[in-house]
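S.K.: The structure under discussion is supplied below as structure tokens; questions concerning it will follow.
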Amino acid sequence: MDRAIPEFLGIPAPAVTCWASAHADLHWANVTAPLKVLDWEGWGQAPEGFDGATLYAYSLLQSDTAARVRDAFPVLGSPAGLAAEATVCAQLLQTVARGDNLTLEDQLRDWSEELRRR
């Protein structure tokens with residue numbers, strides 16, 4: 001966090017006000033219907049809201065779905081959720097720099113601008 005957030009978002013790493021258990025890789029390929037969450041090898045502690053921020057990031061190409069994710073995870077957009085959102089955004093921008101997740105690049109950059117304003 002202390003390296004990636006300043007490098008990829010251009011802001012100091014926000015303080016983590018609450019650590020919580022997290023799946024740490026919550027995206028649509030790891031969610032089934034009826035609801036089951038798959039792929040738990042990354043499970044551990046993360047800033048509160050990390051899973052919601054991750055699912056939000058992977059929803060950015062579908063603005064209506066992204067809005068529903070934000071509604072389902074009220075910590076997103078709050079001061080307490082800033083550390084999680086900044087961490088996820090920085091992590092994914094780092095993958096973009098390596099040539100992955102290129103379809104999300106514009107949306108991630110827009111999100112990073114919003115996070116810089118908070």
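To be explicit about the labels: the chains of the structure tokens are called A, B, and onward in the order shown, and within each one the residues are counted from 1, while ligands get numbers from 1 in the order they are shown.
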Which polymer residues have any atom within 7 Å of an atom of stretch 39-42 of chain A, counting only C-alpha atoms, with same-chain residues fewer than 4 positions away left out, as a list in words?

M.R.: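 Selected residues are His23, Ala24, Asp25 and Asn30 of chain A.
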
S.K.: Any chance you could list, as a PyMOL selection string, the residues in chain A that come up alpha helix (DSSP H) when DSSP is run on the backbone?

M.R.: chain A and resi 4-9+50-57+63-72+82-97+105-117

S.K.: Once you have the residues from the selection above, write them out as a compact mmCIF listing (two decimals), in the first residue's frame, restricted to N, CA and C atoms.

M.R.:
# COMPACT_ATOMS: atom_id res chain seq x y z
N ALA A 4 2.54 1.22 -3.68
CA ALA A 4 1.68 1.17 -4.87
C ALA A 4 0.70 2.33 -4.95
N ILE A 5 0.11 2.72 -3.84
CA ILE A 5 -0.89 3.80 -3.89
C ILE A 5 -0.26 5.12 -4.33
N PRO A 6 0.85 5.55 -3.73
CA PRO A 6 1.46 6.78 -4.25
C PRO A 6 1.91 6.66 -5.71
N GLU A 7 2.45 5.50 -6.07
CA GLU A 7 2.96 5.32 -7.43
C GLU A 7 1.84 5.33 -8.46
N PHE A 8 0.74 4.66 -8.19
CA PHE A 8 -0.30 4.49 -9.20
C PHE A 8 -1.49 5.43 -9.04
N LEU A 9 -1.68 6.01 -7.85
CA LEU A 9 -2.78 6.95 -7.65
C LEU A 9 -2.29 8.38 -7.42
N PHE A 50 -12.41 -4.22 1.24
CA PHE A 50 -11.55 -4.70 0.17
C PHE A 50 -12.31 -5.57 -0.83
N ASP A 51 -13.10 -6.51 -0.34
CA ASP A 51 -13.85 -7.38 -1.25
C ASP A 51 -14.86 -6.58 -2.07
N GLY A 52 -15.56 -5.68 -1.43
CA GLY A 52 -16.51 -4.85 -2.16
C GLY A 52 -15.82 -3.99 -3.20
N ALA A 53 -14.66 -3.44 -2.86
CA ALA A 53 -13.91 -2.62 -3.80
C ALA A 53 -13.43 -3.46 -4.99
N THR A 54 -13.03 -4.69 -4.72
CA THR A 54 -12.58 -5.57 -5.80
C THR A 54 -13.74 -5.90 -6.74
N LEU A 55 -14.87 -6.27 -6.18
CA LEU A 55 -16.03 -6.58 -7.01
C LEU A 55 -16.48 -5.34 -7.79
N TYR A 56 -16.41 -4.18 -7.15
CA TYR A 56 -16.73 -2.92 -7.83
C TYR A 56 -15.80 -2.70 -9.02
N ALA A 57 -14.51 -2.88 -8.80
CA ALA A 57 -13.54 -2.66 -9.88
C ALA A 57 -13.84 -3.54 -11.09
N SER A 63 -21.84 0.05 -15.80
CA SER A 63 -22.09 1.08 -14.80
C SER A 63 -23.28 0.77 -13.90
N ASP A 64 -24.32 0.14 -14.42
CA ASP A 64 -25.46 -0.20 -13.57
C ASP A 64 -25.08 -1.26 -12.54
N THR A 65 -24.27 -2.23 -12.94
CA THR A 65 -23.81 -3.25 -11.99
C THR A 65 -22.86 -2.62 -10.98
N ALA A 66 -21.97 -1.75 -11.43
CA ALA A 66 -21.06 -1.07 -10.51
C ALA A 66 -21.84 -0.28 -9.46
N ALA A 67 -22.90 0.38 -9.87
CA ALA A 67 -23.72 1.15 -8.93
C ALA A 67 -24.39 0.22 -7.92
N ARG A 68 -24.85 -0.93 -8.38
CA ARG A 68 -25.47 -1.90 -7.46
C ARG A 68 -24.46 -2.45 -6.47
N VAL A 69 -23.23 -2.67 -6.91
CA VAL A 69 -22.19 -3.14 -5.99
C VAL A 69 -21.91 -2.08 -4.95
N ARG A 70 -21.81 -0.82 -5.36
CA ARG A 70 -21.57 0.26 -4.39
C ARG A 70 -22.71 0.32 -3.37
N ASP A 71 -23.93 0.13 -3.83
CA ASP A 71 -25.08 0.14 -2.91
C ASP A 71 -25.02 -1.04 -1.94
N ALA A 72 -24.55 -2.19 -2.41
CA ALA A 72 -24.49 -3.39 -1.57
C ALA A 72 -23.37 -3.33 -0.54
N LEU A 82 -11.87 4.21 2.06
CA LEU A 82 -10.88 4.80 1.16
C LEU A 82 -9.63 3.95 1.04
N ALA A 83 -9.14 3.40 2.13
CA ALA A 83 -7.92 2.58 2.07
C ALA A 83 -8.13 1.36 1.18
N ALA A 84 -9.28 0.71 1.31
CA ALA A 84 -9.57 -0.47 0.48
C ALA A 84 -9.70 -0.09 -0.99
N GLU A 85 -10.44 0.97 -1.26
CA GLU A 85 -10.63 1.38 -2.65
C GLU A 85 -9.31 1.79 -3.29
N ALA A 86 -8.50 2.55 -2.57
CA ALA A 86 -7.21 2.98 -3.11
C ALA A 86 -6.29 1.79 -3.34
N THR A 87 -6.31 0.83 -2.43
CA THR A 87 -5.47 -0.35 -2.58
C THR A 87 -5.86 -1.16 -3.81
N VAL A 88 -7.15 -1.42 -3.96
CA VAL A 88 -7.62 -2.22 -5.10
C VAL A 88 -7.34 -1.48 -6.40
N CYS A 89 -7.64 -0.20 -6.44
CA CYS A 89 -7.41 0.57 -7.66
C CYS A 89 -5.92 0.56 -8.02
N ALA A 90 -5.06 0.77 -7.04
CA ALA A 90 -3.61 0.76 -7.30
C ALA A 90 -3.15 -0.62 -7.76
N GLN A 91 -3.64 -1.67 -7.13
CA GLN A 91 -3.26 -3.02 -7.53
C GLN A 91 -3.64 -3.28 -8.99
N LEU A 92 -4.84 -2.90 -9.37
CA LEU A 92 -5.28 -3.16 -10.74
C LEU A 92 -4.59 -2.25 -11.74
N LEU A 93 -4.29 -1.01 -11.38
CA LEU A 93 -3.50 -0.16 -12.28
C LEU A 93 -2.10 -0.72 -12.46
N GLN A 94 -1.57 -1.35 -11.43
CA GLN A 94 -0.28 -2.00 -11.54
C GLN A 94 -0.35 -3.16 -12.54
N THR A 95 -1.47 -3.91 -12.54
CA THR A 95 -1.61 -4.99 -13.52
C THR A 95 -1.74 -4.42 -14.93
N VAL A 96 -2.39 -3.27 -15.06
CA VAL A 96 -2.50 -2.61 -16.36
C VAL A 96 -1.10 -2.25 -16.87
N ALA A 97 -0.25 -1.76 -15.99
CA ALA A 97 1.12 -1.40 -16.38
C ALA A 97 1.90 -2.61 -16.88
N GLU A 105 -8.67 -0.19 -18.07
CA GLU A 105 -7.74 0.92 -17.83
C GLU A 105 -8.43 2.28 -17.71
N ASP A 106 -9.26 2.64 -18.65
CA ASP A 106 -9.90 3.97 -18.61
C ASP A 106 -10.77 4.13 -17.36
N GLN A 107 -11.54 3.10 -17.04
CA GLN A 107 -12.41 3.17 -15.87
C GLN A 107 -11.58 3.23 -14.58
N LEU A 108 -10.49 2.49 -14.52
CA LEU A 108 -9.62 2.54 -13.34
C LEU A 108 -8.99 3.92 -13.19
N ARG A 109 -8.60 4.52 -14.30
CA ARG A 109 -8.01 5.88 -14.23
C ARG A 109 -9.07 6.89 -13.76
N ASP A 110 -10.30 6.74 -14.24
CA ASP A 110 -11.38 7.62 -13.76
C ASP A 110 -11.60 7.43 -12.26
N TRP A 111 -11.60 6.17 -11.82
CA TRP A 111 -11.78 5.88 -10.40
C TRP A 111 -10.63 6.47 -9.59
N SER A 112 -9.41 6.36 -10.10
CA SER A 112 -8.27 6.91 -9.37
C SER A 112 -8.39 8.44 -9.24
N GLU A 113 -8.92 9.10 -10.25
CA GLU A 113 -9.13 10.55 -10.15
C GLU A 113 -10.15 10.87 -9.07
N GLU A 114 -11.21 10.07 -9.01
CA GLU A 114 -12.23 10.28 -7.96
C GLU A 114 -11.61 10.06 -6.57
N LEU A 115 -10.77 9.04 -6.45
CA LEU A 115 -10.13 8.75 -5.15
C LEU A 115 -9.18 9.88 -4.76
N ARG A 116 -8.48 10.46 -5.73
CA ARG A 116 -7.56 11.59 -5.42
C ARG A 116 -8.34 12.80 -4.88
N ARG A 117 -9.55 12.98 -5.34
CA ARG A 117 -10.37 14.12 -4.87
C ARG A 117 -10.91 13.92 -3.45

S.K.: Just give me the gap between atom CA of A:Pro74 and atom CA of A:Leu26 in Å, one decimal is fine.

M.R.: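 Separating atom CA of A:Pro74 from atom CA of A:Leu26 is a distance of 16.4 Å.
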
S.K.: If you measure from atom CA of A:Ser78 to atom CA of A:Pro12, what distance in Å do you get, rounded to one decimal?

M.R.: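 Rounded to one decimal, the two atoms are 17.1 Å apart.
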
S.K.: Could you check the closest approach to A:Ser21 for each of A:Val75, A:Leu104, A:Ala46, A:Leu61 and tell me which residue wins, using only C-alpha atoms?

M.R.: A:Ala46

S.K.: Among chain A, which residues does DSSP mark as strand (DSSP E) when it is run on the backbone? Keep the chain and numbering as in the structure and answer as an MDAnalysis selection string.

M.R.: chainID A and resid 19:22 31:32 36:37 44:47

S.K.: Output N, CA, C and O atoms of each residue in that selection to a file, as a tab-separated table (two decimals), in the first residue's frame.

M.R.:
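For reference, again37.tsv as written:
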chain	number	residue	atom	x	y	z
A	19	TRP	N	-9.15	-3.36	9.92
A	19	TRP	CA	-8.78	-4.54	9.15
A	19	TRP	C	-9.90	-5.57	9.32
A	19	TRP	O	-10.49	-5.68	10.40
A	20	ALA	N	-10.20	-6.30	8.26
A	20	ALA	CA	-11.29	-7.27	8.30
A	20	ALA	C	-10.90	-8.51	7.49
A	20	ALA	O	-10.01	-8.45	6.64
A	21	SER	N	-11.58	-9.61	7.78
A	21	SER	CA	-11.39	-10.81	6.97
A	21	SER	C	-11.84	-10.52	5.55
A	21	SER	O	-12.85	-9.86	5.33
A	22	ALA	N	-11.07	-11.04	4.58
A	22	ALA	CA	-11.40	-10.79	3.18
A	22	ALA	C	-11.11	-12.01	2.34
A	22	ALA	O	-10.15	-12.75	2.60
A	31	VAL	N	-17.90	-16.04	-8.16
A	31	VAL	CA	-19.23	-16.00	-7.56
A	31	VAL	C	-20.16	-16.82	-8.44
A	31	VAL	O	-20.15	-16.69	-9.66
A	32	THR	N	-20.97	-17.68	-7.81
A	32	THR	CA	-21.92	-18.50	-8.57
A	32	THR	C	-23.35	-18.16	-8.16
A	32	THR	O	-23.57	-17.48	-7.16
A	36	LYS	N	-22.55	-18.73	-4.10
A	36	LYS	CA	-21.40	-19.41	-3.51
A	36	LYS	C	-20.18	-18.60	-3.92
A	36	LYS	O	-20.11	-18.10	-5.05
A	37	VAL	N	-19.23	-18.49	-3.02
A	37	VAL	CA	-17.99	-17.79	-3.32
A	37	VAL	C	-16.88	-18.84	-3.42
A	37	VAL	O	-16.67	-19.62	-2.49
A	44	GLY	N	-7.63	-13.72	3.88
A	44	GLY	CA	-6.81	-13.17	4.95
A	44	GLY	C	-7.36	-11.85	5.43
A	44	GLY	O	-8.56	-11.56	5.28
A	45	GLN	N	-6.52	-11.02	5.98
A	45	GLN	CA	-6.90	-9.70	6.48
A	45	GLN	C	-6.62	-8.64	5.42
A	45	GLN	O	-5.59	-8.69	4.74
A	46	ALA	N	-7.53	-7.69	5.30
A	46	ALA	CA	-7.40	-6.60	4.34
A	46	ALA	C	-8.14	-5.39	4.91
A	46	ALA	O	-8.94	-5.53	5.83
A	47	PRO	N	-7.90	-4.22	4.35
A	47	PRO	CA	-8.67	-3.05	4.79
A	47	PRO	C	-10.17	-3.30	4.61
A	47	PRO	O	-10.59	-3.92	3.62
